[in-house]
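Structure file upload-v8.cif with mmCIF, C-alpha atoms, pLDDT in the B column; chains and numbers go by the auth columns:
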```cif
data_target
loop_
_atom_site.group_PDB
_atom_site.id
_atom_site.type_symbol
_atom_site.label_atom_id
_atom_site.label_comp_id
_atom_site.label_asym_id
_atom_site.label_seq_id
_atom_site.Cartn_x
_atom_site.Cartn_y
_atom_site.Cartn_z
_atom_site.B_iso_or_equiv
_atom_site.auth_seq_id
_atom_site.auth_asym_id
ATOM 1 C CA MET A 1 -60.235 49.919 2.501 46.00 11 Q
ATOM 2 C CA GLU A 2 -61.607 47.532 0.035 43.00 12 Q
ATOM 3 C CA GLU A 3 -65.241 47.463 -0.983 45.00 13 Q
ATOM 4 C CA SER A 4 -68.068 49.873 -1.486 41.00 14 Q
ATOM 5 C CA PHE A 5 -71.693 49.091 -0.922 46.00 15 Q
ATOM 6 C CA THR A 6 -74.887 50.846 -1.882 44.00 16 Q
ATOM 7 C CA ASN A 7 -78.186 50.851 -0.139 50.00 17 Q
ATOM 8 C CA GLN A 8 -80.986 49.783 -2.532 45.00 18 Q
ATOM 9 C CA SER A 9 -80.832 52.926 -4.685 44.00 19 Q
ATOM 10 C CA GLU A 10 -78.232 55.568 -5.232 47.00 20 Q
ATOM 11 C CA GLU A 11 -80.865 58.271 -5.517 49.00 21 Q
ATOM 12 C CA PHE A 12 -82.136 59.848 -2.335 47.00 22 Q
ATOM 13 C CA SER A 13 -84.652 62.637 -2.050 50.00 23 Q
ATOM 14 C CA GLU A 14 -83.923 65.506 0.302 49.00 24 Q
ATOM 15 C CA GLU A 15 -86.536 64.326 2.776 50.00 25 Q
ATOM 16 C CA ASP A 16 -84.823 60.957 3.175 64.00 26 Q
ATOM 17 C CA GLN A 17 -82.879 60.703 6.415 85.00 27 Q
ATOM 18 C CA LEU A 18 -79.412 59.480 5.554 89.00 28 Q
ATOM 19 C CA MET A 19 -77.147 57.884 8.115 91.00 29 Q
ATOM 20 C CA GLN A 20 -73.421 57.959 7.511 94.00 30 Q
ATOM 21 C CA LEU A 21 -71.675 54.860 8.742 94.00 31 Q
ATOM 22 C CA VAL A 22 -68.172 53.490 8.712 96.00 32 Q
ATOM 23 C CA GLY A 23 -68.407 49.939 7.418 95.00 33 Q
ATOM 24 C CA PHE A 24 -66.090 47.192 8.608 95.00 34 Q
ATOM 25 C CA ASN A 25 -65.784 43.450 8.359 92.00 35 Q
ATOM 26 C CA ILE A 26 -65.191 40.740 10.889 90.00 36 Q
ATOM 27 C CA GLY A 27 -64.712 37.567 8.911 85.00 37 Q
ATOM 28 C CA THR A 28 -67.291 37.683 6.137 85.00 38 Q
ATOM 29 C CA GLU A 29 -69.823 39.717 8.119 88.00 39 Q
ATOM 30 C CA LEU A 30 -70.366 43.416 7.409 92.00 40 Q
ATOM 31 C CA PHE A 31 -70.967 45.774 10.324 94.00 41 Q
ATOM 32 C CA GLY A 32 -71.449 49.511 10.618 94.00 42 Q
ATOM 33 C CA VAL A 33 -70.933 52.213 13.218 95.00 43 Q
ATOM 34 C CA SER A 34 -72.094 55.819 13.123 94.00 44 Q
ATOM 35 C CA ILE A 35 -69.405 58.031 11.637 95.00 45 Q
ATOM 36 C CA LEU A 36 -70.006 60.472 14.499 94.00 46 Q
ATOM 37 C CA MET A 37 -68.509 57.978 16.967 94.00 47 Q
ATOM 38 C CA VAL A 38 -65.347 57.412 14.925 96.00 48 Q
ATOM 39 C CA GLN A 39 -62.399 59.471 16.079 95.00 49 Q
ATOM 40 C CA GLU A 40 -59.944 57.849 13.680 95.00 50 Q
ATOM 41 C CA ILE A 41 -59.006 54.601 11.948 95.00 51 Q
ATOM 42 C CA ILE A 42 -55.479 53.234 12.206 95.00 52 Q
ATOM 43 C CA ARG A 43 -53.610 50.210 10.987 88.00 53 Q
ATOM 44 C CA SER A 44 -52.517 47.805 13.650 76.00 54 Q
ATOM 45 C CA ALA A 45 -50.342 49.298 16.377 85.00 55 Q
ATOM 46 C CA PRO A 46 -48.110 47.672 19.007 90.00 56 Q
ATOM 47 C CA ILE A 47 -50.462 46.466 21.734 92.00 57 Q
ATOM 48 C CA THR A 48 -49.251 46.059 25.309 94.00 58 Q
ATOM 49 C CA THR A 49 -50.996 43.244 27.158 93.00 59 Q
ATOM 50 C CA VAL A 50 -52.529 44.105 30.516 90.00 60 Q
ATOM 51 C CA PRO A 51 -52.414 41.288 33.103 90.00 61 Q
ATOM 52 C CA ASN A 52 -55.715 40.058 34.561 86.00 62 Q
ATOM 53 C CA SER A 53 -57.853 41.916 32.017 86.00 63 Q
ATOM 54 C CA PRO A 54 -60.983 40.345 30.506 85.00 64 Q
ATOM 55 C CA ASP A 55 -60.225 38.036 27.562 86.00 65 Q
ATOM 56 C CA PHE A 56 -61.741 40.383 24.954 87.00 66 Q
ATOM 57 C CA ILE A 57 -59.406 43.232 25.961 90.00 67 Q
ATOM 58 C CA GLU A 58 -56.250 42.812 23.894 92.00 68 Q
ATOM 59 C CA GLY A 59 -54.413 45.463 25.876 93.00 69 Q
ATOM 60 C CA ILE A 60 -53.512 49.126 25.484 94.00 70 Q
ATOM 61 C CA ILE A 61 -51.854 51.292 22.846 95.00 71 Q
ATOM 62 C CA ASN A 62 -50.076 54.615 23.030 94.00 72 Q
ATOM 63 C CA LEU A 63 -51.908 56.915 20.619 93.00 73 Q
ATOM 64 C CA ARG A 64 -49.932 60.152 20.463 91.00 74 Q
ATOM 65 C CA GLY A 65 -49.361 60.171 24.207 92.00 75 Q
ATOM 66 C CA ASN A 66 -52.832 58.919 25.164 92.00 76 Q
ATOM 67 C CA ILE A 67 -53.257 55.433 26.603 93.00 77 Q
ATOM 68 C CA VAL A 68 -56.155 53.769 24.788 94.00 78 Q
ATOM 69 C CA PRO A 69 -57.632 50.371 25.737 93.00 79 Q
ATOM 70 C CA VAL A 70 -58.103 48.039 22.759 94.00 80 Q
ATOM 71 C CA ILE A 71 -60.895 45.475 22.467 93.00 81 Q
ATOM 72 C CA ASP A 72 -60.830 42.569 20.020 91.00 82 Q
ATOM 73 C CA LEU A 73 -64.322 42.933 18.559 90.00 83 Q
ATOM 74 C CA ARG A 74 -64.209 39.368 17.246 89.00 84 Q
ATOM 75 C CA LYS A 75 -63.819 38.056 20.813 87.00 85 Q
ATOM 76 C CA ARG A 76 -66.351 40.511 22.256 86.00 86 Q
ATOM 77 C CA LEU A 77 -69.011 39.445 19.769 85.00 87 Q
ATOM 78 C CA ASN A 78 -68.044 35.752 20.037 83.00 88 Q
ATOM 79 C CA ILE A 79 -67.192 35.482 16.335 82.00 89 Q
ATOM 80 C CA TYR A 80 -64.478 32.851 16.202 70.00 90 Q
ATOM 81 C CA ILE A 81 -64.058 32.197 12.500 65.00 91 Q
ATOM 82 C CA LYS A 82 -60.304 32.050 12.147 64.00 92 Q
ATOM 83 C CA GLU A 83 -57.209 33.183 13.930 65.00 93 Q
ATOM 84 C CA MET A 84 -56.895 36.970 13.833 61.00 94 Q
ATOM 85 C CA ASP A 85 -53.965 38.323 11.827 64.00 95 Q
ATOM 86 C CA TYR A 86 -53.163 41.408 13.898 62.00 96 Q
ATOM 87 C CA GLU A 87 -50.581 42.616 11.370 69.00 97 Q
ATOM 88 C CA LYS A 88 -53.315 43.028 8.722 78.00 98 Q
ATOM 89 C CA SER A 89 -56.097 44.229 11.018 88.00 99 Q
ATOM 90 C CA TRP A 90 -57.416 47.736 11.575 94.00 100 Q
ATOM 91 C CA ILE A 91 -58.229 49.532 14.808 95.00 101 Q
ATOM 92 C CA LEU A 92 -61.311 51.744 14.952 96.00 102 Q
ATOM 93 C CA ILE A 93 -60.731 54.468 17.540 96.00 103 Q
ATOM 94 C CA LEU A 94 -64.192 55.342 18.848 95.00 104 Q
ATOM 95 C CA ASN A 95 -65.585 57.674 21.459 92.00 105 Q
ATOM 96 C CA VAL A 96 -67.743 55.343 23.570 88.00 106 Q
ATOM 97 C CA ASN A 97 -69.545 56.921 26.514 83.00 107 Q
ATOM 98 C CA ASP A 98 -66.979 59.758 26.589 86.00 108 Q
ATOM 99 C CA ARG A 99 -64.140 57.215 26.668 88.00 109 Q
ATOM 100 C CA VAL A 100 -61.734 56.749 23.756 92.00 110 Q
ATOM 101 C CA THR A 101 -61.519 53.031 22.994 93.00 111 Q
ATOM 102 C CA GLY A 102 -59.968 51.016 20.170 95.00 112 Q
ATOM 103 C CA PHE A 103 -61.743 48.103 18.500 95.00 113 Q
ATOM 104 C CA ILE A 104 -59.824 45.602 16.375 94.00 114 Q
ATOM 105 C CA VAL A 105 -61.598 44.630 13.124 93.00 115 Q
ATOM 106 C CA ASP A 106 -60.461 42.623 10.089 91.00 116 Q
ATOM 107 C CA PHE A 107 -60.729 45.510 7.633 90.00 117 Q
ATOM 108 C CA VAL A 108 -62.591 48.741 7.062 94.00 118 Q
ATOM 109 C CA THR A 109 -64.727 49.490 4.005 91.00 119 Q
ATOM 110 C CA LYS A 110 -65.610 53.016 2.983 84.00 120 Q
ATOM 111 C CA VAL A 111 -68.161 55.416 4.424 92.00 121 Q
ATOM 112 C CA LEU A 112 -71.663 54.141 3.763 91.00 122 Q
ATOM 113 C CA LYS A 113 -74.742 56.311 3.293 92.00 123 Q
ATOM 114 C CA ILE A 114 -77.840 54.473 4.427 91.00 124 Q
ATOM 115 C CA ASP A 115 -81.456 55.600 4.235 91.00 125 Q
ATOM 116 C CA GLU A 116 -82.783 55.292 7.800 90.00 126 Q
ATOM 117 C CA LYS A 117 -86.075 53.909 6.460 91.00 127 Q
ATOM 118 C CA THR A 118 -84.273 50.786 5.221 91.00 128 Q
ATOM 119 C CA VAL A 119 -82.937 49.897 8.681 91.00 129 Q
ATOM 120 C CA GLU A 120 -85.021 47.229 10.351 90.00 130 Q
ATOM 121 C CA PRO A 121 -84.894 46.284 14.024 87.00 131 Q
ATOM 122 C CA PRO A 122 -83.026 43.052 14.734 80.00 132 Q
ATOM 123 C CA PRO A 123 -85.195 39.940 15.083 75.00 133 Q
ATOM 124 C CA ASP A 124 -86.479 39.484 18.649 75.00 134 Q
ATOM 125 C CA ILE A 125 -85.058 35.976 18.907 67.00 135 Q
ATOM 126 C CA VAL A 126 -81.557 37.317 18.151 65.00 136 Q
ATOM 127 C CA VAL A 127 -81.754 40.198 20.621 62.00 137 Q
ATOM 128 C CA ALA A 128 -83.221 37.990 23.364 61.00 138 Q
ATOM 129 C CA GLY A 129 -80.102 35.807 23.338 58.00 139 Q
ATOM 130 C CA LEU A 130 -77.650 38.702 23.670 59.00 140 Q
ATOM 131 C CA GLU A 131 -76.116 39.715 26.975 56.00 141 Q
ATOM 132 C CA SER A 132 -76.465 43.374 26.015 54.00 142 Q
ATOM 133 C CA GLN A 133 -78.630 45.022 23.395 74.00 143 Q
ATOM 134 C CA TYR A 134 -75.795 46.144 21.122 83.00 144 Q
ATOM 135 C CA ILE A 135 -77.418 45.430 17.747 86.00 145 Q
ATOM 136 C CA ARG A 136 -79.144 48.606 16.634 87.00 146 Q
ATOM 137 C CA GLY A 137 -80.574 47.294 13.404 89.00 147 Q
ATOM 138 C CA VAL A 138 -80.062 45.439 10.155 91.00 148 Q
ATOM 139 C CA CYS A 139 -80.328 46.631 6.569 92.00 149 Q
ATOM 140 C CA LYS A 140 -79.791 45.177 3.131 89.00 150 Q
ATOM 141 C CA LEU A 141 -76.848 46.372 1.032 85.00 151 Q
ATOM 142 C CA ASP A 142 -76.559 44.940 -2.442 81.00 152 Q
ATOM 143 C CA LYS A 143 -76.586 41.196 -1.702 83.00 153 Q
ATOM 144 C CA ASN A 144 -75.273 41.529 1.849 84.00 154 Q
ATOM 145 C CA LEU A 145 -76.773 42.362 5.190 89.00 155 Q
ATOM 146 C CA LEU A 146 -75.256 45.150 7.256 91.00 156 Q
ATOM 147 C CA ILE A 147 -75.496 44.891 11.040 91.00 157 Q
ATOM 148 C CA LEU A 148 -75.547 48.248 12.796 92.00 158 Q
ATOM 149 C CA LEU A 149 -73.819 48.111 16.163 91.00 159 Q
ATOM 150 C CA ASP A 150 -74.509 50.410 19.109 89.00 160 Q
ATOM 151 C CA PHE A 151 -71.082 50.741 20.698 90.00 161 Q
ATOM 152 C CA ASN A 152 -72.567 52.595 23.678 86.00 162 Q
ATOM 153 C CA ARG A 153 -74.147 49.247 24.634 84.00 163 Q
ATOM 154 C CA ILE A 154 -71.471 46.821 23.467 82.00 164 Q
ATOM 155 C CA LEU A 155 -70.092 46.548 27.000 76.00 165 Q
ATOM 156 C CA ARG A 156 -72.127 45.763 30.086 67.00 166 Q
ATOM 157 C CA ILE A 157 -71.747 48.108 33.068 62.00 167 Q
ATOM 158 C CA ASP A 158 -69.384 45.747 34.922 65.00 168 Q
ATOM 159 C CA GLU A 159 -67.259 45.345 31.777 67.00 169 Q
ATOM 160 C CA PHE A 160 -67.167 49.105 31.286 64.00 170 Q
ATOM 161 C CA LYS A 161 -65.825 49.498 34.829 64.00 171 Q
ATOM 162 C CA LYS A 162 -63.100 46.936 34.092 63.00 172 Q
ATOM 163 C CA LEU A 163 -62.231 48.847 30.927 63.00 173 Q
ATOM 164 C CA LYS A 164 -61.836 52.049 32.940 62.00 174 Q
ATOM 165 C CA ASP A 165 -59.450 50.215 35.273 64.00 175 Q
ATOM 166 C CA VAL A 166 -57.357 49.020 32.316 61.00 176 Q
ATOM 167 C CA GLY A 167 -57.037 52.516 30.824 55.00 177 Q
#
```
Reformat the file's structure so that it appears as structure tokens.
Amino acid sequence: MEESFTNQSEEFSEEDQLMQLVGFNIGTELFGVSILMVQEIIRSAPITTVPNSPDFIEGIINLRGNIVPVIDLRKRLNIYIKEMDYEKSWILILNVNDRVTGFIVDFVTKVLKIDEKTVEPPPDIVVAGLESQYIRGVCKLDKNLLILLDFNRILRIDEFKKLKDVG
């Protein structure tokens, strides 16, 4: 885990509503997910390919006896910057709609504490072009922008059914 980011000011009053997020990168972009959804974070694991699965599903892993489907978040979000180096990647194990699912990311930063007041809704033009409304908001961190993802909406209903079939 490489970098740390701060949200505008390090000082928060008690009435500020702080969100705790796990930050991660895909390419040069910084994303965040609520720490409450994160079950664990692992380095890359051997992934078994599942025939006839959607292209963004890399396959399944055996996580201490549990079969967990793994999604390449780069493919799911259509971020094709470079070829993914799976040996150096991380897998976020999240609880999504009561289903344990792995998401491959480039690397994970540390836990971020964000003042909820600094999170702005995504621009309408961006959300209108998305197949599902998975961007929860955007906030400024140092000189970067952090995109908050809603993993409960990252898959459409038909994709979620396919994911259940894979697992």
>> Taking the file as I've supplied it (selection: the PyMOL selection byres ((chain Q and resi 81) around 8)), which residues are included? Please answer as a VMD selection string.
In response: chain Q and resid 66 to 69 79 to 80 82 to 83 86 111 to 114
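The gap separating atom CA of Q:Pro64 from atom CA of Q:Leu46 is 27.3 Å, in Å to one decimal.
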> Near Q:Asn154, counting all atoms listed in the file, which residues have an atom at most 8 Å away, once you skip same-chain residues fewer than 3 positions from it, shown as a PyMOL selection string?
Replying inline: chain Q and resi 40+150-151
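One finds atom CA of Q:Glu130 at 27.3 Å from atom CA of Q:Ile101.
Taking all atoms listed in the file into account, Q:Lys127 lies nearest to Q:Cys149 out of the set Q:Cys149, Q:Ser44, Q:Leu165, Q:Ile71.
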> Do you know which residues are at most 8 Å from Q:Asp160 counting only C-alpha atoms, after dropping those on the same chain fewer than 5 positions away, and could you put them as a VMD selection string?
Replying inline: chain Q and resid 43 144 to 146
>> From (-50.8, 45.3, 17.7), in the file's coordinates, out to 10 Å: which residues are reached, counting only C-alpha atoms? Answer as a list in words.
In response: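 Those residues lying close to the given coordinates are Arg53, Ser54, Ala55, Pro56, Ile57, Thr58, Thr59, Glu68, Gly69, Ile70, Ile71, Val80, Asp95, Tyr96, Glu97, Lys98, Ser99, Trp100, Ile101 and Ile114 of chain Q.
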Grab the residues selected above and save them as an mmCIF file, keeping the file's coordinate frame with C-alpha atoms.
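Output below, filename selection_26.cif:
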```
data_model
loop_
_atom_site.group_PDB
_atom_site.id
_atom_site.type_symbol
_atom_site.label_atom_id
_atom_site.label_comp_id
_atom_site.auth_asym_id
_atom_site.auth_seq_id
_atom_site.Cartn_x
_atom_site.Cartn_y
_atom_site.Cartn_z
ATOM 1 C CA ARG Q 53 -53.610 50.210 10.987
ATOM 2 C CA SER Q 54 -52.517 47.805 13.650
ATOM 3 C CA ALA Q 55 -50.342 49.298 16.377
ATOM 4 C CA PRO Q 56 -48.110 47.672 19.007
ATOM 5 C CA ILE Q 57 -50.462 46.466 21.734
ATOM 6 C CA THR Q 58 -49.251 46.059 25.309
ATOM 7 C CA THR Q 59 -50.996 43.244 27.158
ATOM 8 C CA GLU Q 68 -56.250 42.812 23.894
ATOM 9 C CA GLY Q 69 -54.413 45.463 25.876
ATOM 10 C CA ILE Q 70 -53.512 49.126 25.484
ATOM 11 C CA ILE Q 71 -51.854 51.292 22.846
ATOM 12 C CA VAL Q 80 -58.103 48.039 22.759
ATOM 13 C CA ASP Q 95 -53.965 38.323 11.827
ATOM 14 C CA TYR Q 96 -53.163 41.408 13.898
ATOM 15 C CA GLU Q 97 -50.581 42.616 11.370
ATOM 16 C CA LYS Q 98 -53.315 43.028 8.722
ATOM 17 C CA SER Q 99 -56.097 44.229 11.018
ATOM 18 C CA TRP Q 100 -57.416 47.736 11.575
ATOM 19 C CA ILE Q 101 -58.229 49.532 14.808
ATOM 20 C CA ILE Q 114 -59.824 45.602 16.375
#
```
>> Please compute the atom CA of Q:Gln49-atom CA of Q:Leu156 distance, one decimal, in Å.
In response: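 These two atoms are separated by 21.2 Å.
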